[in-house]
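*Asks:* Just passing along the structure, written as structure tokens.
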Amino acid sequence: MSRTTPRRRSRGALAVTLAVVSLAVSACGGSTGSKDPAVQAPVKPGQKVDLRFWSWVPGVDKAVDKWNATHPDIHVKLEKIPAGSSGGYAKMRAALKSGNAPDLAQVEYQEIPSFLLENGLVNLSPYGADKDKSKFVDWQWQQGVFDSEVYAIPQASGPMGLFYRADLFEKWGVAPPATWDEFARAAQKIHDADPKAYISTFPAGNSAWFTALAWQAGAKWFGVDGDTWSVNIDSPQTLKVAAFWDDLRTKKVIKTEPDFANGWYKDLQTGGITSWVSAQWGDAIISGNAPRTTGKWAVAPMPQWTKGANVSANWGGSSTAVLKGAKHIPEALKFAEWLNTDPASVDLLLQGGYGWPASADGYKGSSLDKPSPFFGGQKYNEVFAQADKSIDNSWKWIPTIDATYQHLNDGFQAALAGKGTFVSAVKQAQQQTVEDLKRKGLKVSTGK
Amino acid sequence: MPTRAPRRRRKLAPFAFVAPFLLLFLLTFALPIGYAVHQSVMDVEHTGALGLGGSRTVFVGLRNYTDALSDHAFVRSIGRVLLFAAVQVPVMVALSAGLALLLDSASARGVRFFRAAYFLPYGVPGVIASILWGFLYVPGVSPLVEGMRHLGISVDLLGGDTVLWSIANIVTWEFAGYNVLVLVAQLRTIPAELYEAARIDGAGAWATVRHVKLPLLRPALILTTVFTIIGTLQLFAEPLVLKPVSSSIDSAYTPNLSAYNEAFTNDNYHLAAAEAVLLALAAFVLSFGFLRLINKRGGDA
């Protein structure tokens with residue numbers, strides 16, 4: 001149809017305008033309260049219940065098949081959607097606004113508050129979700145709890161460590177860095193040994209990664225006290241991390257290409273990038289994209305700010321939430337609980353590479369608990385099992401986290417283009433985030 | 001009495017003919033625009049830290065507009081597309097006109113082949129074209145960058161100073177052929193007698209181009225210029241697709257990208273609507289401004 005109109009490049013604008021219009025139509029229905037009891041379709045004995053579930057997690061289809069085979073009364077129809085930040089959340093928000101949301105959906109931990117603000121999640125406490133608490137790692141359970149009410153069932157997280165090319169490190173006489181100081185020295189040494197090789201990239205367009213590093217350094221960006229949010233992004237801990245990478249960037253001993261992009265995958269394959277501070281789920285990214293480097297990688301704990309310390313952080317993490325408008329909430333809750341705790345389901349999800357289980361006893365004896373040929377026979381998940389225990393569990397998110405990520409991305413990218421520094425980007429993101437929250441009509445304090 | 005009925009029918013008849021168009025126009029054009037304008041003066045208010053106290057939509061007047069215009073990133077994005085347009089529009093129009101004149105000249109061989117070849121990129125969707133060129137821009141993957149490196153030229157086609165022109169290259173590649181087609185169609189309408197008369201007056205090939213072809217090509221040139229202005233302001237797909245591979249494209253690289261991100265990432269539909277309306281206004285002012293300018297200078301277009 002676009003070929004018949006001479007305004008060919010207007011497609012984008014038109015799509016945006018139309019989408020804005022169509023989405024907003026249902027958004028102006030006046031006042032809505034989240035405590036409204038959901039309208040439930042009564043289930044007659046023997047009636048088959050159908051649930052719709054939106055997810056992008058690899059391997060989740062096999063777990064859903066297993067559920068359908070073992071639960072003839074409750075049929076779950078899985079609909080694969082793009083990963084959240086790649087359009088999945090936009091799709092969910094649009095569905096919520098048009099009143100056509102699925103019963104269940106994949107929602108990452110950092111997105112739960114923003115979905116709450118949009119009045120998109122069902123409070124699961126009245127349906128007895130609290131009894132499942134003991135089945136999950138406590139801090140991951142808390143990610144879905146607000147005002148003592150449960151809004152999401154945790155699925156997986158991303159405890160962090162350091163993936164590195166053991167063969168190249170050995171060749172150049174570089175030990176896996178135990179501290180960030182050693183990391184900086186190793187960066188120099190690696191680049192000196194081979195001008196084409198770098199210790200890692202600083203992905204300016206991926207602030208979620210930077211956030212995890214700030215989390216490890218002891219920053220606490222967000223908090224809530226009553227109805228007032230506190231925003232503390234530009235704390236000394238965060239600025240320390242930003243300055244550290246500013247230093248490596250100006251010395252040109254790290255790369256600054258985007259991660260999860262063609263150039264970066266090529267560097268993983270060819271040794272252009274020789275290590276990656278990443279979450280446990282990074283194993284599937286490396287082995288899947290650089291299969292010819294089998295046996296050459298190893299995993300070490302995340303570098304520390306204080307020698308001898310043992311602090312890790314979390315990058316990523318996801319829950320299964322019941323969306324507003326779900327017609328069979330008790331059944332949906334039952335499925336969410338089974339999906340994330342049943343050993344058979346957890347094992348299928350692990351094989352798909354969904355991350356680190358939120359299920360309290362998900363690791364021991366699972367397919368993770370084995371030596372890996374790709375990582376040179378190392379039982380590398382022990383590093384992450386240890387990391388999982390060394391995460392500051394009080395970390396909280398805000399309802400406008402996507403905008404904060406974007407401010408940081410934009411600031412970091414500007415720094416790479418020669419305008420400002422990573423440090424100034426962090427300071428600017430602080431101010432902009434306060435503005436974002438105020439713009440949503442929320443109360444904010446900058447608790448220093 | 002019997003004489004009045006037919007007259008009324010005659011009065012109603014035109015409306016009956018226009019009605020289908022009017023209805024479609026209202027539904028697909030006026031209504032969405034009106035709705036976007038309506039959305040742009042509203043906003044959502046939440047109660048409680050997590051909005052658990054509920055939310056309601058309230059009238060905020062022009063607040064979304066002042067917010068958009070005081071957002072440096074958005075204002076910069078407007079400046080960026082204006083700069084882009086200042087370069088892209090003349091290049092595009094000159095290139096298209098040049099190619100069209102070459103295709104039209106009698107001495108050119110393989111006219112049909114070249115016309116198809118120029119037009120072919122237009123058949124490639126913008127997103128695909130951007131992915132395709134993206135591969136040719138990314139260092140380490142691109143044979144283009146690699147080849148230039150062997151020649152001793154090191155250039156970052158995705159860097160802060162270059163990426164806008166890398167996008168311009170994609171846009172030119174995509175749409176020049178389309179404009180060529182419009183111009184060629186106009187050239188075909190020039191009657192052969194005019195060329196004959198010019199030849200008899202002793203005009204060479206170049207004089208014919210200057211004094212016969214270009215003046216008669218004017219309406220089509222104006223048309224393609226207006227299209228290019230509008231298209232340039234609405235730059236969207238190319239930067240969106242190149243964003244993941246370039247550190248220099250931020251979330252508000254173009255006004256369209258900014259509106260898209262406000263709506264679908266930050267969930268600020270009302271601000272996005274205001275930005276969309278501002279962009280539409282800018283396109284309106286610039287394209288009509290251009291037409292006014294042309295009409296003042298050289299009579300009717």
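By order in the structure tokens, chains are A, B, ...; within a chain, residues start at 1; ligands start at 1, following the order shown.
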Taking only C-alpha atoms into account, which residues of chain B are within 7 Å of chain A, as an MDAnalysis selection string?
*Replies:* chainID B and resid 32 35:36 45:46 48:57 138:141 160 227 231 234 236:237 244:248 250:251 256 260 264:266 269 273 276
*Asks:* Could you pull out the alpha helix (DSSP H) residues of region 41-152 of chain B, going by DSSP on the backbone, and write them as a PyMOL selection string?
*Replies:* chain B and resi 63-69+72-104+111-119+126-137+143-150
*Asks:* Would you list the contacts of Tyr363 (chain A) as JSON, numbers by chain, taking every protein, DNA or RNA residue within 12 Å and counting only C-alpha atoms, but skipping same-chain residues closer than 4 positions in sequence?
*Replies:* {"A": [136, 137, 156, 341, 343, 346, 347, 350, 355, 356, 357, 358, 359, 367, 368, 369, 370, 381, 382, 383, 384, 385, 386, 388]}
*Asks:* Any idea what the distance is between CA of Ile233 (chain A) and CA of Pro255 (chain B)?
*Replies:* 27.4 Å
*Asks:* So that I can check the surroundings of Val150 (chain A), please list as a ChimeraX atom specification every protein, DNA and RNA residue that reaches within 12 Å of it, counting only C-alpha atoms and ignoring chain neighbours fewer than 2 positions away.
*Replies:* /A:112,116,121-133,140-148,152-154,319-322,333
*Asks:* Output the selection as a CSV table (one decimal), in the first residue's frame - N, CA, C and O atoms for each residue.
*Replies:*
```
chain,number,residue,atom,x,y,z
A,112,ILE,N,8.6,-4.6,36.6
A,112,ILE,CA,7.4,-4.8,37.4
A,112,ILE,C,6.8,-3.5,37.9
A,112,ILE,O,5.6,-3.3,37.7
A,116,LEU,N,3.0,-2.1,37.2
A,116,LEU,CA,2.1,-1.7,38.3
A,116,LEU,C,1.5,-0.3,38.1
A,116,LEU,O,0.4,-0.1,38.3
A,121,LEU,N,-1.0,-5.3,36.4
A,121,LEU,CA,-0.8,-6.6,37.0
A,121,LEU,C,-1.8,-7.0,38.0
A,121,LEU,O,-2.3,-6.1,38.7
A,122,VAL,N,-2.1,-8.3,38.1
A,122,VAL,CA,-3.1,-8.7,39.1
A,122,VAL,C,-2.4,-9.0,40.4
A,122,VAL,O,-1.4,-9.6,40.5
A,123,ASN,N,-3.0,-8.4,41.5
A,123,ASN,CA,-2.5,-8.7,42.9
A,123,ASN,C,-2.9,-10.2,43.1
A,123,ASN,O,-4.0,-10.6,43.2
A,124,LEU,N,-1.8,-11.0,43.4
A,124,LEU,CA,-2.0,-12.5,43.5
A,124,LEU,C,-2.2,-12.9,44.9
A,124,LEU,O,-2.5,-14.1,45.2
A,125,SER,N,-2.0,-12.0,45.9
A,125,SER,CA,-2.1,-12.4,47.3
A,125,SER,C,-3.5,-12.9,47.7
A,125,SER,O,-3.6,-13.9,48.3
A,126,PRO,N,-4.6,-12.2,47.2
A,126,PRO,CA,-5.9,-12.8,47.5
A,126,PRO,C,-6.1,-14.2,47.0
A,126,PRO,O,-7.1,-14.8,47.4
A,127,TYR,N,-5.3,-14.6,46.0
A,127,TYR,CA,-5.5,-15.9,45.5
A,127,TYR,C,-4.5,-16.9,46.1
A,127,TYR,O,-4.3,-18.0,45.6
A,128,GLY,N,-3.9,-16.5,47.2
A,128,GLY,CA,-3.0,-17.4,48.0
A,128,GLY,C,-1.6,-17.6,47.4
A,128,GLY,O,-0.9,-18.6,47.7
A,129,ALA,N,-1.1,-16.6,46.7
A,129,ALA,CA,0.3,-16.7,46.2
A,129,ALA,C,1.3,-16.8,47.3
A,129,ALA,O,2.4,-17.4,47.1
A,130,ASP,N,1.0,-16.1,48.5
A,130,ASP,CA,2.0,-16.1,49.5
A,130,ASP,C,2.5,-17.4,50.0
A,130,ASP,O,3.6,-17.5,50.5
A,131,LYS,N,1.7,-18.4,49.8
A,131,LYS,CA,2.1,-19.8,50.3
A,131,LYS,C,3.3,-20.3,49.5
A,131,LYS,O,4.0,-21.3,49.9
A,132,ASP,N,3.5,-19.7,48.3
A,132,ASP,CA,4.6,-20.2,47.5
A,132,ASP,C,6.0,-19.6,47.8
A,132,ASP,O,7.0,-20.1,47.3
A,133,LYS,N,6.0,-18.7,48.7
A,133,LYS,CA,7.2,-17.9,49.1
A,133,LYS,C,8.4,-18.7,49.3
A,133,LYS,O,9.5,-18.5,48.8
A,140,GLN,N,14.6,-12.8,45.2
A,140,GLN,CA,13.9,-12.8,43.9
A,140,GLN,C,12.4,-12.8,44.1
A,140,GLN,O,11.7,-12.1,43.3
A,141,TRP,N,12.0,-13.4,45.1
A,141,TRP,CA,10.5,-13.4,45.5
A,141,TRP,C,10.1,-11.9,45.8
A,141,TRP,O,9.1,-11.4,45.4
A,142,GLN,N,11.0,-11.2,46.5
A,142,GLN,CA,10.7,-9.8,46.9
A,142,GLN,C,10.6,-8.9,45.7
A,142,GLN,O,10.0,-7.8,45.8
A,143,GLN,N,11.2,-9.3,44.6
A,143,GLN,CA,11.1,-8.4,43.4
A,143,GLN,C,9.7,-8.2,42.9
A,143,GLN,O,9.4,-7.2,42.3
A,144,GLY,N,8.8,-9.2,43.3
A,144,GLY,CA,7.4,-9.1,42.8
A,144,GLY,C,6.5,-8.6,43.9
A,144,GLY,O,5.3,-8.7,43.8
A,145,VAL,N,7.1,-8.3,45.1
A,145,VAL,CA,6.2,-7.9,46.3
A,145,VAL,C,6.3,-6.4,46.5
A,145,VAL,O,7.3,-5.8,46.6
A,146,PHE,N,5.1,-5.8,46.5
A,146,PHE,CA,5.0,-4.3,46.8
A,146,PHE,C,3.9,-4.1,47.8
A,146,PHE,O,2.8,-4.7,47.7
A,147,ASP,N,4.1,-3.4,48.8
A,147,ASP,CA,3.1,-3.1,49.9
A,147,ASP,C,2.6,-4.5,50.5
A,147,ASP,O,1.4,-4.6,50.7
A,148,SER,N,3.6,-5.4,50.6
A,148,SER,CA,3.2,-6.8,51.1
A,148,SER,C,2.3,-7.6,50.3
A,148,SER,O,1.7,-8.5,50.7
A,152,ALA,N,4.0,-10.8,41.1
A,152,ALA,CA,4.7,-11.6,40.1
A,152,ALA,C,5.3,-12.8,40.7
A,152,ALA,O,5.8,-12.7,41.9
A,153,ILE,N,5.4,-13.9,40.0
A,153,ILE,CA,6.1,-15.1,40.4
A,153,ILE,C,7.5,-15.1,39.8
A,153,ILE,O,7.6,-15.1,38.5
A,154,PRO,N,8.5,-15.1,40.6
A,154,PRO,CA,9.9,-15.0,40.0
A,154,PRO,C,10.2,-16.3,39.1
A,154,PRO,O,9.7,-17.4,39.4
A,319,SER,N,10.1,-12.6,35.6
A,319,SER,CA,9.1,-13.2,36.3
A,319,SER,C,7.9,-13.6,35.4
A,319,SER,O,7.9,-13.2,34.2
A,320,THR,N,7.0,-14.4,35.9
A,320,THR,CA,5.8,-14.7,35.2
A,320,THR,C,4.7,-14.0,36.0
A,320,THR,O,4.4,-14.2,37.1
A,321,ALA,N,4.0,-13.1,35.3
A,321,ALA,CA,3.0,-12.2,35.9
A,321,ALA,C,1.7,-12.5,35.3
A,321,ALA,O,1.5,-12.9,34.2
A,322,VAL,N,0.6,-12.3,36.1
A,322,VAL,CA,-0.8,-12.4,35.6
A,322,VAL,C,-1.2,-11.0,35.3
A,322,VAL,O,-1.2,-10.1,36.1
A,333,LEU,N,-2.3,-18.6,38.2
A,333,LEU,CA,-1.3,-18.6,39.3
A,333,LEU,C,-0.7,-20.0,39.5
A,333,LEU,O,0.5,-20.2,39.6
```
*Asks:* At a cut-off of 6 Å, using only C-alpha atoms, what residues contact Ala272 (chain B)? Leave out same-chain residues fewer than 3 positions from it and give the result as a VMD selection string.
*Replies:* chain B and resid 259 262 to 263 269 275
*Asks:* Can you spit out the residues from that selection as a compact mmCIF listing (two decimals), in the first residue's frame, using C-alpha atoms?
*Replies:*
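out.txt was written with the following content:
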```
# COMPACT_ATOMS: atom_id res chain seq x y z
CA ALA B 259 8.09 10.19 19.50
CA GLU B 262 8.30 8.22 24.23
CA ALA B 263 5.25 6.19 23.22
CA TYR B 269 1.71 8.57 24.84
CA GLU B 275 5.90 15.55 19.43
```
*Asks:* Taking 3 positions as the minimum chain separation for residues in the same chain, which residues sit within 9 Å of region 111-124 of chain B when counting only C-alpha atoms? Answer as a PDB file with all heavy atoms, in the first residue's frame.
*Replies:*
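Saved to result-v8.pdb:
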```
ATOM      1  N   ARG A   3       3.360   1.750  -1.707  1.00  0.00           N
ATOM      2  CA  ARG A   3       3.868   2.070  -3.012  1.00  0.00           C
ATOM      3  C   ARG A   3       2.914   2.962  -3.791  1.00  0.00           C
ATOM      4  O   ARG A   3       3.279   3.614  -4.728  1.00  0.00           O
ATOM      5  CB  ARG A   3       4.135   0.776  -3.783  1.00  0.00           C
ATOM      6  CG  ARG A   3       5.482   0.813  -4.445  1.00  0.00           C
ATOM      7  CD  ARG A   3       5.917  -0.566  -4.854  1.00  0.00           C
ATOM      8  NE  ARG A   3       6.324  -1.359  -3.713  1.00  0.00           N
ATOM      9  CZ  ARG A   3       6.560  -2.646  -3.792  1.00  0.00           C
ATOM     10  NH1 ARG A   3       6.400  -3.284  -4.913  1.00  0.00           N
ATOM     11  NH2 ARG A   3       6.949  -3.304  -2.735  1.00  0.00           N
TER      12      ARG A   3
ATOM     13  N   LEU B  99      19.961  12.016 -13.570  1.00  0.00           N
ATOM     14  CA  LEU B  99      19.720  10.667 -14.083  1.00  0.00           C
ATOM     15  C   LEU B  99      18.541  10.652 -15.054  1.00  0.00           C
ATOM     16  O   LEU B  99      18.602   9.981 -16.094  1.00  0.00           O
ATOM     17  CB  LEU B  99      19.448   9.708 -12.921  1.00  0.00           C
ATOM     18  CG  LEU B  99      20.661   9.336 -12.071  1.00  0.00           C
ATOM     19  CD1 LEU B  99      20.234   8.508 -10.862  1.00  0.00           C
ATOM     20  CD2 LEU B  99      21.679   8.568 -12.903  1.00  0.00           C
ATOM     21  N   ALA B 100      17.500  11.422 -14.712  1.00  0.00           N
ATOM     22  CA  ALA B 100      16.318  11.434 -15.573  1.00  0.00           C
ATOM     23  C   ALA B 100      16.662  12.020 -16.944  1.00  0.00           C
ATOM     24  O   ALA B 100      16.249  11.484 -17.974  1.00  0.00           O
ATOM     25  CB  ALA B 100      15.201  12.246 -14.919  1.00  0.00           C
ATOM     26  N   LEU B 102      19.593  12.042 -18.379  1.00  0.00           N
ATOM     27  CA  LEU B 102      20.430  11.081 -19.094  1.00  0.00           C
ATOM     28  C   LEU B 102      19.567   9.992 -19.719  1.00  0.00           C
ATOM     29  O   LEU B 102      19.764   9.600 -20.874  1.00  0.00           O
ATOM     30  CB  LEU B 102      21.441  10.441 -18.132  1.00  0.00           C
ATOM     31  CG  LEU B 102      22.669  11.283 -17.800  1.00  0.00           C
ATOM     32  CD1 LEU B 102      23.539  10.577 -16.784  1.00  0.00           C
ATOM     33  CD2 LEU B 102      23.461  11.562 -19.079  1.00  0.00           C
ATOM     34  N   LEU B 103      18.597   9.495 -18.916  1.00  0.00           N
ATOM     35  CA  LEU B 103      17.727   8.436 -19.423  1.00  0.00           C
ATOM     36  C   LEU B 103      16.905   8.932 -20.599  1.00  0.00           C
ATOM     37  O   LEU B 103      16.584   8.181 -21.514  1.00  0.00           O
ATOM     38  CB  LEU B 103      16.773   7.968 -18.320  1.00  0.00           C
ATOM     39  CG  LEU B 103      17.337   7.004 -17.294  1.00  0.00           C
ATOM     40  CD1 LEU B 103      16.273   6.645 -16.265  1.00  0.00           C
ATOM     41  CD2 LEU B 103      17.846   5.737 -17.965  1.00  0.00           C
ATOM     42  N   ASP B 104      16.564  10.212 -20.578  1.00  0.00           N
ATOM     43  CA  ASP B 104      15.687  10.769 -21.588  1.00  0.00           C
ATOM     44  C   ASP B 104      16.429  11.109 -22.885  1.00  0.00           C
ATOM     45  O   ASP B 104      15.832  11.168 -23.935  1.00  0.00           O
ATOM     46  CB  ASP B 104      15.006  12.031 -21.046  1.00  0.00           C
ATOM     47  CG  ASP B 104      13.882  12.497 -21.947  1.00  0.00           C
ATOM     48  OD1 ASP B 104      12.951  11.696 -22.151  1.00  0.00           O
ATOM     49  OD2 ASP B 104      13.960  13.627 -22.437  1.00  0.00           O
ATOM     50  N   ALA B 108      21.197   7.758 -25.162  1.00  0.00           N
ATOM     51  CA  ALA B 108      21.434   6.751 -24.124  1.00  0.00           C
ATOM     52  C   ALA B 108      21.009   5.369 -24.619  1.00  0.00           C
ATOM     53  O   ALA B 108      19.968   5.193 -25.233  1.00  0.00           O
ATOM     54  CB  ALA B 108      20.667   7.121 -22.875  1.00  0.00           C
ATOM     55  N   VAL B 127      13.508  -0.965   5.820  1.00  0.00           N
ATOM     56  CA  VAL B 127      14.145  -1.699   6.914  1.00  0.00           C
ATOM     57  C   VAL B 127      15.191  -2.659   6.374  1.00  0.00           C
ATOM     58  O   VAL B 127      16.316  -2.739   6.873  1.00  0.00           O
ATOM     59  CB  VAL B 127      13.073  -2.466   7.727  1.00  0.00           C
ATOM     60  CG1 VAL B 127      13.719  -3.411   8.706  1.00  0.00           C
ATOM     61  CG2 VAL B 127      12.171  -1.482   8.461  1.00  0.00           C
ATOM     62  N   ILE B 128      14.824  -3.369   5.294  1.00  0.00           N
ATOM     63  CA  ILE B 128      15.757  -4.327   4.695  1.00  0.00           C
ATOM     64  C   ILE B 128      16.971  -3.581   4.146  1.00  0.00           C
ATOM     65  O   ILE B 128      18.118  -4.004   4.340  1.00  0.00           O
ATOM     66  CB  ILE B 128      15.068  -5.108   3.556  1.00  0.00           C
ATOM     67  CG1 ILE B 128      13.785  -5.765   4.059  1.00  0.00           C
ATOM     68  CG2 ILE B 128      16.010  -6.134   2.949  1.00  0.00           C
ATOM     69  CD1 ILE B 128      13.975  -6.800   5.102  1.00  0.00           C
ATOM     70  N   ALA B 129      16.700  -2.436   3.479  1.00  0.00           N
ATOM     71  CA  ALA B 129      17.801  -1.657   2.920  1.00  0.00           C
ATOM     72  C   ALA B 129      18.765  -1.234   4.020  1.00  0.00           C
ATOM     73  O   ALA B 129      19.984  -1.287   3.853  1.00  0.00           O
ATOM     74  CB  ALA B 129      17.250  -0.425   2.207  1.00  0.00           C
ATOM     75  N   TRP B 173      20.042   6.081  -2.007  1.00  0.00           N
ATOM     76  CA  TRP B 173      20.013   4.808  -2.732  1.00  0.00           C
ATOM     77  C   TRP B 173      18.581   4.305  -2.899  1.00  0.00           C
ATOM     78  O   TRP B 173      18.194   3.836  -3.958  1.00  0.00           O
ATOM     79  CB  TRP B 173      20.854   3.797  -1.942  1.00  0.00           C
ATOM     80  CG  TRP B 173      20.936   2.432  -2.564  1.00  0.00           C
ATOM     81  CD1 TRP B 173      21.782   2.038  -3.565  1.00  0.00           C
ATOM     82  CD2 TRP B 173      20.165   1.274  -2.214  1.00  0.00           C
ATOM     83  NE1 TRP B 173      21.573   0.716  -3.855  1.00  0.00           N
ATOM     84  CE2 TRP B 173      20.592   0.223  -3.044  1.00  0.00           C
ATOM     85  CE3 TRP B 173      19.160   1.030  -1.281  1.00  0.00           C
ATOM     86  CZ2 TRP B 173      20.048  -1.053  -2.969  1.00  0.00           C
ATOM     87  CZ3 TRP B 173      18.621  -0.245  -1.200  1.00  0.00           C
ATOM     88  CH2 TRP B 173      19.057  -1.275  -2.034  1.00  0.00           C
ATOM     89  N   GLU B 174      17.809   4.449  -1.810  1.00  0.00           N
ATOM     90  CA  GLU B 174      16.446   3.919  -1.826  1.00  0.00           C
ATOM     91  C   GLU B 174      15.514   4.699  -2.741  1.00  0.00           C
ATOM     92  O   GLU B 174      14.699   4.115  -3.443  1.00  0.00           O
ATOM     93  CB  GLU B 174      15.854   4.013  -0.409  1.00  0.00           C
ATOM     94  CG  GLU B 174      16.064   2.818   0.455  1.00  0.00           C
ATOM     95  CD  GLU B 174      15.324   3.037   1.757  1.00  0.00           C
ATOM     96  OE1 GLU B 174      15.894   3.711   2.633  1.00  0.00           O
ATOM     97  OE2 GLU B 174      14.191   2.571   1.888  1.00  0.00           O
ATOM     98  N   PHE B 175      15.590   6.041  -2.695  1.00  0.00           N
ATOM     99  CA  PHE B 175      14.499   6.832  -3.256  1.00  0.00           C
ATOM    100  C   PHE B 175      14.846   7.612  -4.516  1.00  0.00           C
ATOM    101  O   PHE B 175      13.959   8.166  -5.148  1.00  0.00           O
ATOM    102  CB  PHE B 175      13.933   7.776  -2.192  1.00  0.00           C
ATOM    103  CG  PHE B 175      13.327   7.031  -1.048  1.00  0.00           C
ATOM    104  CD1 PHE B 175      13.942   7.022   0.195  1.00  0.00           C
ATOM    105  CD2 PHE B 175      12.157   6.313  -1.218  1.00  0.00           C
ATOM    106  CE1 PHE B 175      13.398   6.312   1.246  1.00  0.00           C
ATOM    107  CE2 PHE B 175      11.601   5.598  -0.177  1.00  0.00           C
ATOM    108  CZ  PHE B 175      12.218   5.602   1.066  1.00  0.00           C
ATOM    109  N   ALA B 176      16.138   7.676  -4.881  1.00  0.00           N
ATOM    110  CA  ALA B 176      16.497   8.420  -6.089  1.00  0.00           C
ATOM    111  C   ALA B 176      15.754   7.846  -7.295  1.00  0.00           C
ATOM    112  O   ALA B 176      15.200   8.585  -8.104  1.00  0.00           O
ATOM    113  CB  ALA B 176      18.007   8.382  -6.296  1.00  0.00           C
ATOM    114  N   GLY B 177      15.717   6.524  -7.388  1.00  0.00           N
ATOM    115  CA  GLY B 177      15.088   5.872  -8.532  1.00  0.00           C
ATOM    116  C   GLY B 177      13.620   6.223  -8.666  1.00  0.00           C
ATOM    117  O   GLY B 177      13.109   6.423  -9.764  1.00  0.00           O
ATOM    118  N   TYR B 178      12.961   6.337  -7.532  1.00  0.00           N
ATOM    119  CA  TYR B 178      11.542   6.702  -7.537  1.00  0.00           C
ATOM    120  C   TYR B 178      11.365   8.099  -8.127  1.00  0.00           C
ATOM    121  O   TYR B 178      10.519   8.332  -8.985  1.00  0.00           O
ATOM    122  CB  TYR B 178      11.005   6.653  -6.114  1.00  0.00           C
ATOM    123  CG  TYR B 178       9.570   7.099  -6.006  1.00  0.00           C
ATOM    124  CD1 TYR B 178       8.531   6.200  -6.205  1.00  0.00           C
ATOM    125  CD2 TYR B 178       9.255   8.425  -5.732  1.00  0.00           C
ATOM    126  CE1 TYR B 178       7.217   6.600  -6.125  1.00  0.00           C
ATOM    127  CE2 TYR B 178       7.947   8.839  -5.642  1.00  0.00           C
ATOM    128  CZ  TYR B 178       6.931   7.929  -5.839  1.00  0.00           C
ATOM    129  OH  TYR B 178       5.632   8.344  -5.762  1.00  0.00           O
ATOM    130  N   ASN B 179      12.200   9.038  -7.668  1.00  0.00           N
ATOM    131  CA  ASN B 179      12.117  10.416  -8.170  1.00  0.00           C
ATOM    132  C   ASN B 179      12.456  10.479  -9.654  1.00  0.00           C
ATOM    133  O   ASN B 179      11.846  11.234 -10.403  1.00  0.00           O
ATOM    134  CB  ASN B 179      13.051  11.327  -7.365  1.00  0.00           C
ATOM    135  CG  ASN B 179      12.530  11.534  -5.952  1.00  0.00           C
ATOM    136  OD1 ASN B 179      11.323  11.565  -5.737  1.00  0.00           O
ATOM    137  ND2 ASN B 179      13.425  11.640  -4.990  1.00  0.00           N
ATOM    138  N   VAL B 180      13.439   9.651 -10.050  1.00  0.00           N
ATOM    139  CA  VAL B 180      13.806   9.604 -11.463  1.00  0.00           C
ATOM    140  C   VAL B 180      12.585   9.241 -12.297  1.00  0.00           C
ATOM    141  O   VAL B 180      12.307   9.848 -13.328  1.00  0.00           O
ATOM    142  CB  VAL B 180      14.941   8.580 -11.699  1.00  0.00           C
ATOM    143  CG1 VAL B 180      15.120   8.299 -13.192  1.00  0.00           C
ATOM    144  CG2 VAL B 180      16.241   9.088 -11.094  1.00  0.00           C
ATOM    145  N   LEU B 181      11.831   8.278 -11.819  1.00  0.00           N
ATOM    146  CA  LEU B 181      10.654   7.808 -12.551  1.00  0.00           C
ATOM    147  C   LEU B 181       9.629   8.931 -12.730  1.00  0.00           C
ATOM    148  O   LEU B 181       9.062   9.117 -13.809  1.00  0.00           O
ATOM    149  CB  LEU B 181      10.022   6.645 -11.787  1.00  0.00           C
ATOM    150  CG  LEU B 181       9.496   5.522 -12.652  1.00  0.00           C
ATOM    151  CD1 LEU B 181      10.628   4.901 -13.443  1.00  0.00           C
ATOM    152  CD2 LEU B 181       8.805   4.478 -11.796  1.00  0.00           C
TER     153      LEU B 181
END
```
*Asks:* Please provide the set of residues having any atom within 6 Å of Pro159 (chain A), restricted to only C-alpha atoms, with same-chain residues fewer than 5 positions apart removed, written as a list in words.
*Replies:* Ala279, Gln280, Ala313, Asn314, Phe384, Ala387 and Asp388 of chain A
*Asks:* Using only C-alpha atoms, pick whichever of B:Ala97, B:Val171, B:Leu164, B:Leu286 has the shortest atom-to-atom distance to Lys213 (chain B).
*Replies:*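 Answer, going by the shortest atom-to-atom distance: B:Ala97.
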*Asks:* Which residue gives the smallest distance to Val57 (chain A) among A:Trp245, A:Tyr164, A:Tyr354, A:Phe202, with only C-alpha atoms counted?
*Replies:*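 Distance minimum relative to Val57 (chain A) lands on A:Tyr354.
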*Asks:* Using CA of Asp43 (chain B) and CA of His270 (chain B) as the two end points, give the distance in Å to one decimal.
*Replies:* 5.8 Å
*Asks:* Have a look at A:Leu78, A:Ala83, A:Ala344, A:Ala425 and name the one nearest to Asp50 (chain A); count only C-alpha atoms.
*Replies:*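 Between A:Leu78, A:Ala83, A:Ala344, A:Ala425, the residue approaching Asp50 (chain A) most closely is A:Leu78.
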*Asks:* List every residue of region 228-370 of chain A that DSSP, applied to the backbone of this structure, assigns to strand (DSSP E or B), and report them as a PyMOL selection string.
*Replies:* chain A and resi 228-231+255+273+275-279+297-301+304+312+314-323+356-357+359
